[in-house]
Structures are given as structure tokens and as C-alpha cells.
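Participant: input07.cif is the file, holding mmCIF, C-alpha atoms:
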```cif
data_protein
#
loop_
_atom_site.group_PDB
_atom_site.id
_atom_site.type_symbol
_atom_site.label_atom_id
_atom_site.label_comp_id
_atom_site.auth_asym_id
_atom_site.auth_seq_id
_atom_site.Cartn_x
_atom_site.Cartn_y
_atom_site.Cartn_z
ATOM 1 C CA MET A 255 -26.287 -93.076 -10.876
ATOM 2 C CA TRP A 256 -23.096 -92.576 -8.969
ATOM 3 C CA ASP A 257 -20.151 -90.231 -8.883
ATOM 4 C CA PRO A 258 -17.269 -92.054 -10.643
ATOM 5 C CA ALA A 259 -14.773 -90.181 -8.444
ATOM 6 C CA VAL A 260 -16.048 -92.271 -5.521
ATOM 7 C CA GLY A 261 -14.355 -95.659 -5.424
ATOM 8 C CA ASP A 262 -17.342 -97.598 -4.084
ATOM 9 C CA PRO A 263 -20.719 -96.753 -5.673
ATOM 10 C CA TRP A 264 -22.472 -98.401 -2.701
ATOM 11 C CA GLU A 265 -20.910 -95.921 -0.262
ATOM 12 C CA ARG A 266 -23.620 -93.838 1.427
ATOM 13 C CA GLY A 267 -24.262 -90.668 -0.561
ATOM 14 C CA ALA A 268 -22.239 -91.808 -3.582
ATOM 15 C CA ALA A 269 -25.212 -93.042 -5.577
ATOM 16 C CA VAL A 270 -28.459 -91.403 -6.592
ATOM 17 C CA GLN A 271 -31.286 -93.858 -7.181
ATOM 18 C CA LEU A 272 -34.051 -93.008 -9.642
ATOM 19 C CA SER A 273 -37.203 -92.291 -7.702
ATOM 20 C CA GLY A 274 -39.364 -95.413 -7.506
ATOM 21 C CA ARG A 275 -42.110 -93.246 -6.019
ATOM 22 C CA ALA A 276 -42.077 -91.153 -9.197
ATOM 23 C CA LEU A 277 -42.732 -94.221 -11.315
ATOM 24 C CA GLY A 278 -45.967 -94.753 -9.407
ATOM 25 C CA GLY A 279 -45.964 -98.508 -9.936
ATOM 26 C CA ALA A 280 -45.490 -98.143 -13.692
ATOM 27 C CA VAL A 281 -43.321 -100.699 -15.431
ATOM 28 C CA HIS A 282 -40.385 -98.777 -16.890
ATOM 29 C CA ARG A 283 -37.658 -101.261 -17.685
ATOM 30 C CA VAL A 284 -34.808 -99.086 -18.882
ATOM 31 C CA ALA A 285 -33.489 -100.245 -22.258
ATOM 32 C CA ALA A 286 -31.483 -97.155 -23.294
ATOM 33 C CA VAL A 287 -30.070 -94.055 -21.599
ATOM 34 C CA ALA A 288 -28.686 -90.717 -22.782
ATOM 35 C CA ALA A 289 -27.258 -87.605 -21.142
ATOM 36 C CA VAL A 290 -29.411 -84.596 -22.057
ATOM 37 C CA PRO A 291 -27.846 -81.134 -21.936
ATOM 38 C CA ALA A 292 -30.009 -78.730 -19.933
ATOM 39 C CA PRO A 293 -29.706 -75.030 -19.059
ATOM 40 C CA ASP A 294 -28.911 -75.820 -15.412
ATOM 41 C CA GLY A 295 -26.859 -78.992 -15.881
ATOM 42 C CA THR A 296 -27.400 -82.415 -17.377
ATOM 43 C CA LEU A 297 -30.468 -84.621 -17.172
ATOM 44 C CA LEU A 298 -30.641 -88.371 -17.633
ATOM 45 C CA ALA A 299 -33.075 -89.678 -20.241
ATOM 46 C CA THR A 300 -34.314 -93.258 -20.035
ATOM 47 C CA THR A 301 -36.511 -95.146 -22.462
ATOM 48 C CA ASP A 302 -38.093 -98.562 -22.372
ATOM 49 C CA ASP A 303 -39.139 -101.038 -25.052
ATOM 50 C CA LEU A 304 -42.690 -99.665 -24.947
ATOM 51 C CA GLY A 305 -41.479 -96.250 -26.162
ATOM 52 C CA VAL A 306 -41.922 -94.224 -22.957
ATOM 53 C CA VAL A 307 -39.152 -91.655 -22.413
ATOM 54 C CA ARG A 308 -38.495 -90.139 -18.979
ATOM 55 C CA LEU A 309 -36.157 -87.359 -17.877
ATOM 56 C CA TRP A 310 -34.448 -87.468 -14.473
ATOM 57 C CA ASP A 311 -32.613 -84.935 -12.318
ATOM 58 C CA LEU A 312 -29.177 -86.425 -11.656
ATOM 59 C CA ALA A 313 -28.791 -84.644 -8.308
ATOM 60 C CA THR A 314 -31.998 -85.955 -6.738
ATOM 61 C CA GLY A 315 -33.168 -88.951 -8.787
ATOM 62 C CA ASP A 316 -36.543 -87.229 -9.213
ATOM 63 C CA PRO A 317 -38.331 -86.804 -12.542
ATOM 64 C CA ALA A 318 -37.637 -83.648 -14.526
ATOM 65 C CA GLY A 319 -40.946 -82.815 -16.150
ATOM 66 C CA ASP A 320 -43.532 -85.075 -17.701
ATOM 67 C CA PRO A 321 -42.504 -88.174 -19.649
ATOM 68 C CA LEU A 322 -42.838 -88.497 -23.405
ATOM 69 C CA PRO A 323 -45.492 -91.201 -23.710
ATOM 70 C CA ALA A 324 -45.366 -94.100 -26.116
ATOM 71 C CA SER A 325 -47.063 -93.573 -29.453
ATOM 72 C CA THR A 326 -47.944 -95.754 -32.427
ATOM 73 C CA GLY A 327 -44.918 -97.616 -33.730
ATOM 74 C CA THR A 328 -42.538 -96.611 -30.941
ATOM 75 C CA ALA A 329 -42.390 -99.982 -29.185
ATOM 76 C CA GLY A 330 -39.442 -102.259 -29.855
ATOM 77 C CA LEU A 331 -35.732 -102.222 -29.118
ATOM 78 C CA PRO A 332 -34.923 -98.515 -28.561
ATOM 79 C CA VAL A 333 -31.942 -96.360 -29.481
ATOM 80 C CA MET A 334 -31.470 -92.826 -28.176
ATOM 81 C CA THR A 335 -29.181 -89.790 -28.320
ATOM 82 C CA ALA A 336 -29.339 -86.179 -27.180
ATOM 83 C CA ALA A 337 -27.547 -82.970 -28.099
ATOM 84 C CA THR A 338 -27.649 -79.218 -28.256
ATOM 85 C CA LEU A 339 -27.971 -78.135 -31.882
ATOM 86 C CA PRO A 340 -25.938 -75.240 -33.330
ATOM 87 C CA ASP A 341 -29.042 -73.005 -33.069
ATOM 88 C CA GLY A 342 -29.207 -73.674 -29.292
ATOM 89 C CA ARG A 343 -32.173 -76.065 -29.297
ATOM 90 C CA ARG A 344 -31.793 -79.136 -27.113
ATOM 91 C CA VAL A 345 -33.131 -82.303 -28.710
ATOM 92 C CA LEU A 346 -33.582 -85.910 -27.717
ATOM 93 C CA ALA A 347 -33.891 -88.388 -30.601
ATOM 94 C CA VAL A 348 -35.445 -91.775 -29.879
ATOM 95 C CA GLY A 349 -35.832 -94.583 -32.390
ATOM 96 C CA SER A 350 -37.333 -98.042 -32.332
ATOM 97 C CA SER A 351 -36.557 -101.241 -34.176
ATOM 98 C CA LEU A 352 -39.888 -100.766 -35.969
ATOM 99 C CA GLY A 353 -38.414 -97.883 -37.996
ATOM 100 C CA ARG A 354 -39.940 -94.949 -36.130
ATOM 101 C CA LEU A 355 -38.032 -91.910 -34.881
ATOM 102 C CA ARG A 356 -39.179 -89.170 -32.560
ATOM 103 C CA VAL A 357 -37.249 -85.942 -32.141
ATOM 104 C CA TRP A 358 -38.326 -84.332 -28.856
ATOM 105 C CA GLU A 359 -37.482 -80.851 -27.651
ATOM 106 C CA PRO A 360 -38.148 -81.205 -23.901
ATOM 107 C CA GLU A 361 -38.072 -77.438 -23.259
ATOM 108 C CA THR A 362 -40.927 -76.729 -25.698
ATOM 109 C CA GLY A 363 -42.632 -80.122 -25.763
ATOM 110 C CA THR A 364 -42.374 -80.243 -29.560
ATOM 111 C CA VAL A 365 -42.216 -83.776 -30.978
ATOM 112 C CA ARG A 366 -41.482 -84.573 -34.606
ATOM 113 C CA HIS A 367 -42.291 -88.088 -35.852
ATOM 114 C CA ILE A 368 -40.217 -89.583 -38.667
ATOM 115 C CA ALA A 369 -41.090 -92.890 -40.358
ATOM 116 C CA LEU A 370 -38.128 -94.759 -41.838
ATOM 117 C CA ASP A 371 -37.963 -97.778 -44.114
ATOM 118 C CA LEU A 372 -35.181 -99.220 -41.972
ATOM 119 C CA ALA A 373 -34.607 -100.259 -38.366
ATOM 120 C CA PRO A 374 -32.195 -97.906 -36.580
ATOM 121 C CA THR A 375 -29.427 -99.615 -34.629
ATOM 122 C CA CYS A 376 -27.787 -96.456 -33.254
ATOM 123 C CA LEU A 377 -28.222 -92.674 -33.308
ATOM 124 C CA ALA A 378 -25.823 -89.747 -33.061
ATOM 125 C CA VAL A 379 -26.020 -86.005 -33.606
ATOM 126 C CA ALA A 380 -23.318 -84.347 -35.710
ATOM 127 C CA GLY A 381 -23.757 -80.595 -35.976
ATOM 128 C CA PRO A 382 -27.243 -79.958 -37.349
ATOM 129 C CA ASP A 383 -27.808 -83.573 -38.491
ATOM 130 C CA LEU A 384 -29.139 -86.740 -36.910
ATOM 131 C CA ILE A 385 -27.077 -89.739 -38.016
ATOM 132 C CA VAL A 386 -29.081 -92.966 -38.092
ATOM 133 C CA GLY A 387 -27.085 -96.198 -38.162
ATOM 134 C CA HIS A 388 -28.803 -99.265 -39.576
ATOM 135 C CA ALA A 389 -27.936 -102.753 -40.849
ATOM 136 C CA ARG A 390 -26.911 -101.475 -44.302
ATOM 137 C CA GLY A 391 -24.968 -98.348 -43.264
ATOM 138 C CA ALA A 392 -25.955 -94.896 -42.082
ATOM 139 C CA VAL A 393 -28.121 -92.012 -43.218
ATOM 140 C CA GLY A 394 -28.116 -88.353 -42.159
ATOM 141 C CA LEU A 395 -31.304 -86.402 -41.479
ATOM 142 C CA PRO A 396 -31.275 -82.610 -41.069
ATOM 143 C CA LEU A 397 -32.468 -81.319 -37.692
ATOM 144 C CA ALA A 398 -31.684 -77.623 -38.217
ATOM 145 C CA GLY A 399 -34.507 -75.247 -39.040
ATOM 146 C CA ARG A 400 -37.221 -77.654 -37.923
#
```
Let me see the file written as C-alpha cells.

Facilitator:
Amino acid sequence: MWDPAVGDPWERGAAVQLSGRALGGAVHRVAAVAAVPAPDGTLLATTDDLGVVRLWDLATGDPAGDPLPASTGTAGLPVMTAATLPDGRRVLAVGSSLGRLRVWEPETGTVRHIALDLAPTCLAVAGPDLIVGHARGAVGLPLAGR
């Protein structure tokens, strides 16, 4: 991660590397990223094709809390988005090409699993709804009140 106001991202102090020490030798090949709103700034979320989701502090490159581990059906090409809902909850939605979605609230640790009969190709949050793009169009799923 680097400050785009700095012309050369390789300039000393311009870039923040994700902590390799924090990965502890784990294989985490980043396949999707999202900016996650947080009470004290923004975090970076990364996910891999195994379904592991990690949060990172942009200032230090260190992990921000425990990762969301992979679960059944979460492997595959990932898509991800994050937002603050109208009710103030911060959510991170992660989908896989196998048709599984997880909606994670990092502050509470709550995870909701949603099985779809389609493979998501992109995700977005619009107000209280999660918009799931797929090969035949898009579908909206309500996130509010859950």
C-alpha cells in the first residue's frame, strides 16, 4: 500500500508492506481486496482463493484482528465488497465462484452464510442491500435488520 500523493511508491516511507511476519508462513495469495470502513479509519481486507479473509491496518501493515477462516464452499475465485449500512453496522461481503456468500461483521464477529444458485462475479452494497452481479444479471439481497 502506498500514498498516491507520493510520486514514487518505492520511496522510503511511501509504502506500507503487509506484515509477512503476521502471515506466519501461511500461503495467502491475495485474489481480491476491499476498503473496510472502521471507527478509527479504514482497514484493508484481503481474500484468497481458499476463502480466508484478513483485515490489515493501513498505517502499519499489521493484521487488524483475527482472520475469517475458510469454510465449506468458500474456495474459488473470490469477489468482495465492504460498506457501512444505514443502521451503522459495518459489513464485509465475500463471495466465491461456487455460489457461496458470507456477510461478516468484523466488529461483532457475526457471519451469515448465504447459498446461491449462481456464481457471483461482483458485489456492491447499495443502501441496505447487497447487489450480487452474475452471468445472467444482478440480484439484490437485503442486509438491513439481519

Participant: Given the file shown, enumerate the residues that the PyMOL selection byres ((chain A and resi 290) around 12) captures and present them as an MDAnalysis selection string.

Facilitator: chainID A and resid 287:289 291:300 308:312 318 334:339 343:347 358:361

Participant: Counting all atoms listed in the file, figure out which residue out of A:Ala285, A:Pro382, A:Asp320, A:Pro332 gets nearest to Thr362 of chain A.

Facilitator: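 Closest to Thr362 of chain A of all the choices is A:Asp320.
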
Participant: Show me, as a list in words, the residues that have an atom within 12 Å of Cys376 of chain A when counting only C-alpha atoms, minus same-chain residues fewer than 3 positions from it.

Facilitator: Ala286, Ala288, Leu331, Pro332, Val333, Met334, Thr335, Ala347, Val348, Gly349, Ser350, Ser351, Gly353, Leu355, Leu372, Ala373, Val379, Leu384, Ile385, Val386, Gly387, His388, Ala389, Gly391, Ala392 and Val393 of chain A

Participant: Write out, as a tab-separated table (two decimals), keeping the file's coordinate frame, the residues just selected, with C-alpha atoms.

Facilitator:
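Written output follows (selection.tsv):
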```tsv
chain	number	residue	atom	x	y	z
A	286	ALA	CA	-31.48	-97.16	-23.29
A	288	ALA	CA	-28.69	-90.72	-22.78
A	331	LEU	CA	-35.73	-102.22	-29.12
A	332	PRO	CA	-34.92	-98.52	-28.56
A	333	VAL	CA	-31.94	-96.36	-29.48
A	334	MET	CA	-31.47	-92.83	-28.18
A	335	THR	CA	-29.18	-89.79	-28.32
A	347	ALA	CA	-33.89	-88.39	-30.60
A	348	VAL	CA	-35.44	-91.78	-29.88
A	349	GLY	CA	-35.83	-94.58	-32.39
A	350	SER	CA	-37.33	-98.04	-32.33
A	351	SER	CA	-36.56	-101.24	-34.18
A	353	GLY	CA	-38.41	-97.88	-38.00
A	355	LEU	CA	-38.03	-91.91	-34.88
A	372	LEU	CA	-35.18	-99.22	-41.97
A	373	ALA	CA	-34.61	-100.26	-38.37
A	379	VAL	CA	-26.02	-86.00	-33.61
A	384	LEU	CA	-29.14	-86.74	-36.91
A	385	ILE	CA	-27.08	-89.74	-38.02
A	386	VAL	CA	-29.08	-92.97	-38.09
A	387	GLY	CA	-27.08	-96.20	-38.16
A	388	HIS	CA	-28.80	-99.26	-39.58
A	389	ALA	CA	-27.94	-102.75	-40.85
A	391	GLY	CA	-24.97	-98.35	-43.26
A	392	ALA	CA	-25.96	-94.90	-42.08
A	393	VAL	CA	-28.12	-92.01	-43.22
```

Participant: Considering only C-alpha atoms, state which residue in the set A:Gly319, A:Gly330, A:Val365, A:Ala380 is at the smallest distance from Leu304 of chain A.

Facilitator: A:Gly330

Participant: Please, what distance in Å, to one decimal, runs between atom CA of Ile368 of chain A and atom CA of Pro317 of chain A?

Facilitator: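 Atom CA of Pro317 of chain A lies at a distance of 26.3 Å from atom CA of Ile368 of chain A.
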
Participant: Missing atoms in segment 351-385 of chain A: fill them in up to N, CA and C atoms and send the result as a PDB file, in the frame of the given file.

Facilitator:
```
ATOM      1  N   SER A 351     -36.888-100.241 -33.169  1.00  0.00           N
ATOM      2  CA  SER A 351     -36.557-101.241 -34.176  1.00  0.00           C
ATOM      3  C   SER A 351     -37.657-101.375 -35.225  1.00  0.00           C
ATOM      4  N   LEU A 352     -38.793-100.735 -34.998  1.00  0.00           N
ATOM      5  CA  LEU A 352     -39.888-100.766 -35.969  1.00  0.00           C
ATOM      6  C   LEU A 352     -39.752 -99.664 -37.026  1.00  0.00           C
ATOM      7  N   GLY A 353     -38.645 -98.890 -36.971  1.00  0.00           N
ATOM      8  CA  GLY A 353     -38.414 -97.883 -37.996  1.00  0.00           C
ATOM      9  C   GLY A 353     -39.053 -96.538 -37.731  1.00  0.00           C
ATOM     10  N   ARG A 354     -39.358 -96.244 -36.492  1.00  0.00           N
ATOM     11  CA  ARG A 354     -39.940 -94.949 -36.130  1.00  0.00           C
ATOM     12  C   ARG A 354     -38.930 -94.131 -35.343  1.00  0.00           C
ATOM     13  N   LEU A 355     -38.869 -92.840 -35.639  1.00  0.00           N
ATOM     14  CA  LEU A 355     -38.032 -91.910 -34.881  1.00  0.00           C
ATOM     15  C   LEU A 355     -38.925 -90.820 -34.320  1.00  0.00           C
ATOM     16  N   ARG A 356     -38.553 -90.365 -33.135  1.00  0.00           N
ATOM     17  CA  ARG A 356     -39.179 -89.170 -32.560  1.00  0.00           C
ATOM     18  C   ARG A 356     -38.062 -88.230 -32.161  1.00  0.00           C
ATOM     19  N   VAL A 357     -38.197 -86.972 -32.548  1.00  0.00           N
ATOM     20  CA  VAL A 357     -37.249 -85.942 -32.141  1.00  0.00           C
ATOM     21  C   VAL A 357     -38.018 -85.030 -31.203  1.00  0.00           C
ATOM     22  N   TRP A 358     -37.606 -85.034 -29.927  1.00  0.00           N
ATOM     23  CA  TRP A 358     -38.326 -84.332 -28.856  1.00  0.00           C
ATOM     24  C   TRP A 358     -37.481 -83.169 -28.377  1.00  0.00           C
ATOM     25  N   GLU A 359     -38.104 -82.013 -28.274  1.00  0.00           N
ATOM     26  CA  GLU A 359     -37.482 -80.851 -27.651  1.00  0.00           C
ATOM     27  C   GLU A 359     -38.139 -80.692 -26.282  1.00  0.00           C
ATOM     28  N   PRO A 360     -37.510 -81.221 -25.221  1.00  0.00           N
ATOM     29  CA  PRO A 360     -38.148 -81.205 -23.901  1.00  0.00           C
ATOM     30  C   PRO A 360     -38.530 -79.809 -23.404  1.00  0.00           C
ATOM     31  N   GLU A 361     -37.767 -78.788 -23.761  1.00  0.00           N
ATOM     32  CA  GLU A 361     -38.072 -77.438 -23.259  1.00  0.00           C
ATOM     33  C   GLU A 361     -39.375 -76.893 -23.817  1.00  0.00           C
ATOM     34  N   THR A 362     -39.710 -77.244 -25.074  1.00  0.00           N
ATOM     35  CA  THR A 362     -40.927 -76.729 -25.698  1.00  0.00           C
ATOM     36  C   THR A 362     -42.029 -77.772 -25.769  1.00  0.00           C
ATOM     37  N   GLY A 363     -41.663 -79.040 -25.636  1.00  0.00           N
ATOM     38  CA  GLY A 363     -42.632 -80.122 -25.763  1.00  0.00           C
ATOM     39  C   GLY A 363     -42.871 -80.549 -27.208  1.00  0.00           C
ATOM     40  N   THR A 364     -42.209 -79.909 -28.148  1.00  0.00           N
ATOM     41  CA  THR A 364     -42.374 -80.243 -29.560  1.00  0.00           C
ATOM     42  C   THR A 364     -41.844 -81.647 -29.840  1.00  0.00           C
ATOM     43  N   VAL A 365     -42.629 -82.434 -30.578  1.00  0.00           N
ATOM     44  CA  VAL A 365     -42.216 -83.776 -30.978  1.00  0.00           C
ATOM     45  C   VAL A 365     -42.426 -83.907 -32.482  1.00  0.00           C
ATOM     46  N   ARG A 366     -41.374 -84.309 -33.167  1.00  0.00           N
ATOM     47  CA  ARG A 366     -41.482 -84.573 -34.606  1.00  0.00           C
ATOM     48  C   ARG A 366     -41.359 -86.078 -34.813  1.00  0.00           C
ATOM     49  N   HIS A 367     -42.293 -86.660 -35.561  1.00  0.00           N
ATOM     50  CA  HIS A 367     -42.291 -88.088 -35.852  1.00  0.00           C
ATOM     51  C   HIS A 367     -41.726 -88.301 -37.255  1.00  0.00           C
ATOM     52  N   ILE A 368     -40.833 -89.273 -37.383  1.00  0.00           N
ATOM     53  CA  ILE A 368     -40.217 -89.583 -38.667  1.00  0.00           C
ATOM     54  C   ILE A 368     -40.344 -91.087 -38.887  1.00  0.00           C
ATOM     55  N   ALA A 369     -40.975 -91.477 -40.003  1.00  0.00           N
ATOM     56  CA  ALA A 369     -41.090 -92.890 -40.358  1.00  0.00           C
ATOM     57  C   ALA A 369     -39.949 -93.230 -41.308  1.00  0.00           C
ATOM     58  N   LEU A 370     -39.245 -94.308 -41.010  1.00  0.00           N
ATOM     59  CA  LEU A 370     -38.128 -94.759 -41.838  1.00  0.00           C
ATOM     60  C   LEU A 370     -38.464 -96.112 -42.451  1.00  0.00           C
ATOM     61  N   ASP A 371     -37.788 -96.446 -43.534  1.00  0.00           N
ATOM     62  CA  ASP A 371     -37.963 -97.778 -44.114  1.00  0.00           C
ATOM     63  C   ASP A 371     -36.824 -98.696 -43.696  1.00  0.00           C
ATOM     64  N   LEU A 372     -36.276 -98.430 -42.526  1.00  0.00           N
ATOM     65  CA  LEU A 372     -35.181 -99.220 -41.972  1.00  0.00           C
ATOM     66  C   LEU A 372     -35.282 -99.213 -40.459  1.00  0.00           C
ATOM     67  N   ALA A 373     -34.607-100.167 -39.830  1.00  0.00           N
ATOM     68  CA  ALA A 373     -34.607-100.259 -38.366  1.00  0.00           C
ATOM     69  C   ALA A 373     -33.322 -99.640 -37.836  1.00  0.00           C
ATOM     70  N   PRO A 374     -33.416 -98.519 -37.108  1.00  0.00           N
ATOM     71  CA  PRO A 374     -32.195 -97.906 -36.580  1.00  0.00           C
ATOM     72  C   PRO A 374     -31.527 -98.785 -35.534  1.00  0.00           C
ATOM     73  N   THR A 375     -30.192 -98.856 -35.610  1.00  0.00           N
ATOM     74  CA  THR A 375     -29.427 -99.615 -34.629  1.00  0.00           C
ATOM     75  C   THR A 375     -28.649 -98.698 -33.696  1.00  0.00           C
ATOM     76  N   CYS A 376     -28.443 -97.439 -34.108  1.00  0.00           N
ATOM     77  CA  CYS A 376     -27.787 -96.456 -33.254  1.00  0.00           C
ATOM     78  C   CYS A 376     -28.093 -95.070 -33.805  1.00  0.00           C
ATOM     79  N   LEU A 377     -27.968 -94.069 -32.937  1.00  0.00           N
ATOM     80  CA  LEU A 377     -28.222 -92.674 -33.308  1.00  0.00           C
ATOM     81  C   LEU A 377     -27.091 -91.806 -32.779  1.00  0.00           C
ATOM     82  N   ALA A 378     -26.798 -90.740 -33.511  1.00  0.00           N
ATOM     83  CA  ALA A 378     -25.823 -89.747 -33.061  1.00  0.00           C
ATOM     84  C   ALA A 378     -26.203 -88.417 -33.692  1.00  0.00           C
ATOM     85  N   VAL A 379     -25.817 -87.336 -33.046  1.00  0.00           N
ATOM     86  CA  VAL A 379     -26.020 -86.005 -33.606  1.00  0.00           C
ATOM     87  C   VAL A 379     -24.658 -85.459 -33.976  1.00  0.00           C
ATOM     88  N   ALA A 380     -24.546 -84.970 -35.218  1.00  0.00           N
ATOM     89  CA  ALA A 380     -23.318 -84.347 -35.710  1.00  0.00           C
ATOM     90  C   ALA A 380     -23.694 -82.993 -36.284  1.00  0.00           C
ATOM     91  N   GLY A 381     -23.361 -81.941 -35.536  1.00  0.00           N
ATOM     92  CA  GLY A 381     -23.757 -80.595 -35.976  1.00  0.00           C
ATOM     93  C   GLY A 381     -25.262 -80.492 -36.059  1.00  0.00           C
ATOM     94  N   PRO A 382     -25.792 -80.103 -37.223  1.00  0.00           N
ATOM     95  CA  PRO A 382     -27.243 -79.958 -37.349  1.00  0.00           C
ATOM     96  C   PRO A 382     -27.950 -81.223 -37.842  1.00  0.00           C
ATOM     97  N   ASP A 383     -27.236 -82.357 -37.918  1.00  0.00           N
ATOM     98  CA  ASP A 383     -27.808 -83.573 -38.491  1.00  0.00           C
ATOM     99  C   ASP A 383     -27.923 -84.707 -37.480  1.00  0.00           C
ATOM    100  N   LEU A 384     -28.973 -85.500 -37.657  1.00  0.00           N
ATOM    101  CA  LEU A 384     -29.139 -86.740 -36.910  1.00  0.00           C
ATOM    102  C   LEU A 384     -28.600 -87.856 -37.792  1.00  0.00           C
ATOM    103  N   ILE A 385     -27.644 -88.615 -37.290  1.00  0.00           N
ATOM    104  CA  ILE A 385     -27.077 -89.739 -38.016  1.00  0.00           C
ATOM    105  C   ILE A 385     -27.764 -91.002 -37.507  1.00  0.00           C
TER     106      ILE A 385
END
```
